[in-house]
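First the structure, in the form of structure tokens, and then the observations on it.
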Amino acid sequence: MLRLKEKDKEISEMLENIRIAHGEWKTKEKLFQEVTDPDLVDFAIYELEASKLKYMYLLKLLKKIM
């Protein structure tokens, strides 16, 4: 029974991390859409891709533990 509770807690924490990562990804998308300075475009692209990859990685981890 304890093992099940530990797994539930791990899944719950992972879902919260995924929710946060998704929010970060959406924030970076908004930044990318609003950037007008050519020097910031590359930065915005990098940030967007990094947050997208983080989100996808966390989803992959969740699938492994379920």
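Identifiers in this document derive from the order of the structure tokens: chains are assigned A, B, ..., residues are numbered from 1 separately in each chain, and ligands are numbered from 1 in order of occurrence.
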(message) as a VMD selection string, please: the residues near Ile45 (chain A) (cut-off 12 Å, only C-alpha atoms, same-chain neighbours under 2 positions excluded).
(response) chain A and resid 25 28 to 35 38 to 43 47 to 52
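The residue set within 12 Å of Ile20 (chain A), counting only C-alpha atoms and dropping same-chain residues fewer than 4 places from it, reads Glu13, Met14, Leu15, Glu16, Glu24, Trp25, Lys26, Thr27, Ser51, Lys52, Lys54, Tyr55 and Leu58 of chain A.
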Prev. selection, N, CA and C atoms, output as an mmCIF file, in the first residue's frame:
data_model
loop_
_atom_site.group_PDB
_atom_site.id
_atom_site.type_symbol
_atom_site.label_atom_id
_atom_site.label_comp_id
_atom_site.auth_asym_id
_atom_site.auth_seq_id
_atom_site.Cartn_x
_atom_site.Cartn_y
_atom_site.Cartn_z
ATOM 1 N N GLU A 13 3.468 14.807 -8.554
ATOM 2 C CA GLU A 13 4.556 15.777 -8.681
ATOM 3 C C GLU A 13 4.958 15.952 -10.142
ATOM 4 N N MET A 14 4.983 14.842 -10.871
ATOM 5 C CA MET A 14 5.340 14.902 -12.284
ATOM 6 C C MET A 14 4.291 15.697 -13.068
ATOM 7 N N LEU A 15 3.020 15.488 -12.759
ATOM 8 C CA LEU A 15 1.960 16.243 -13.432
ATOM 9 C C LEU A 15 2.073 17.739 -13.150
ATOM 10 N N GLU A 16 2.429 18.083 -11.932
ATOM 11 C CA GLU A 16 2.620 19.489 -11.595
ATOM 12 C C GLU A 16 3.804 20.074 -12.376
ATOM 13 N N GLU A 24 5.449 27.498 -19.146
ATOM 14 C CA GLU A 24 6.690 28.137 -19.601
ATOM 15 C C GLU A 24 6.759 28.128 -21.125
ATOM 16 N N TRP A 25 6.386 27.012 -21.723
ATOM 17 C CA TRP A 25 6.412 26.886 -23.177
ATOM 18 C C TRP A 25 5.483 27.927 -23.809
ATOM 19 N N LYS A 26 4.278 28.060 -23.274
ATOM 20 C CA LYS A 26 3.320 29.020 -23.814
ATOM 21 C C LYS A 26 3.817 30.462 -23.630
ATOM 22 N N THR A 27 4.471 30.726 -22.512
ATOM 23 C CA THR A 27 5.038 32.056 -22.278
ATOM 24 C C THR A 27 6.129 32.352 -23.301
ATOM 25 N N SER A 51 12.168 25.221 -23.984
ATOM 26 C CA SER A 51 10.992 24.952 -23.147
ATOM 27 C C SER A 51 10.123 23.857 -23.754
ATOM 28 N N LYS A 52 10.042 23.807 -25.062
ATOM 29 C CA LYS A 52 9.289 22.747 -25.734
ATOM 30 C C LYS A 52 9.927 21.381 -25.472
ATOM 31 N N LYS A 54 11.843 20.550 -22.961
ATOM 32 C CA LYS A 54 11.659 20.219 -21.541
ATOM 33 C C LYS A 54 10.286 19.615 -21.318
ATOM 34 N N TYR A 55 9.259 20.220 -21.883
ATOM 35 C CA TYR A 55 7.889 19.723 -21.760
ATOM 36 C C TYR A 55 7.777 18.311 -22.333
ATOM 37 N N LEU A 58 9.490 15.737 -20.065
ATOM 38 C CA LEU A 58 8.704 15.405 -18.873
ATOM 39 C C LEU A 58 7.531 14.493 -19.212
#
(message) I'd like the contact shell of region 1-10 of chain A - 10 Å cut-off, only C-alpha atoms, skipping same-chain residues fewer than 6 positions apart - returned as number ranges by chain.
(response) A: 16, 62, 65-66
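For the atom pair formed by CA of Tyr57 (chain A) and CA of Asn17 (chain A), the distance is 11.0 Å, given to one decimal.
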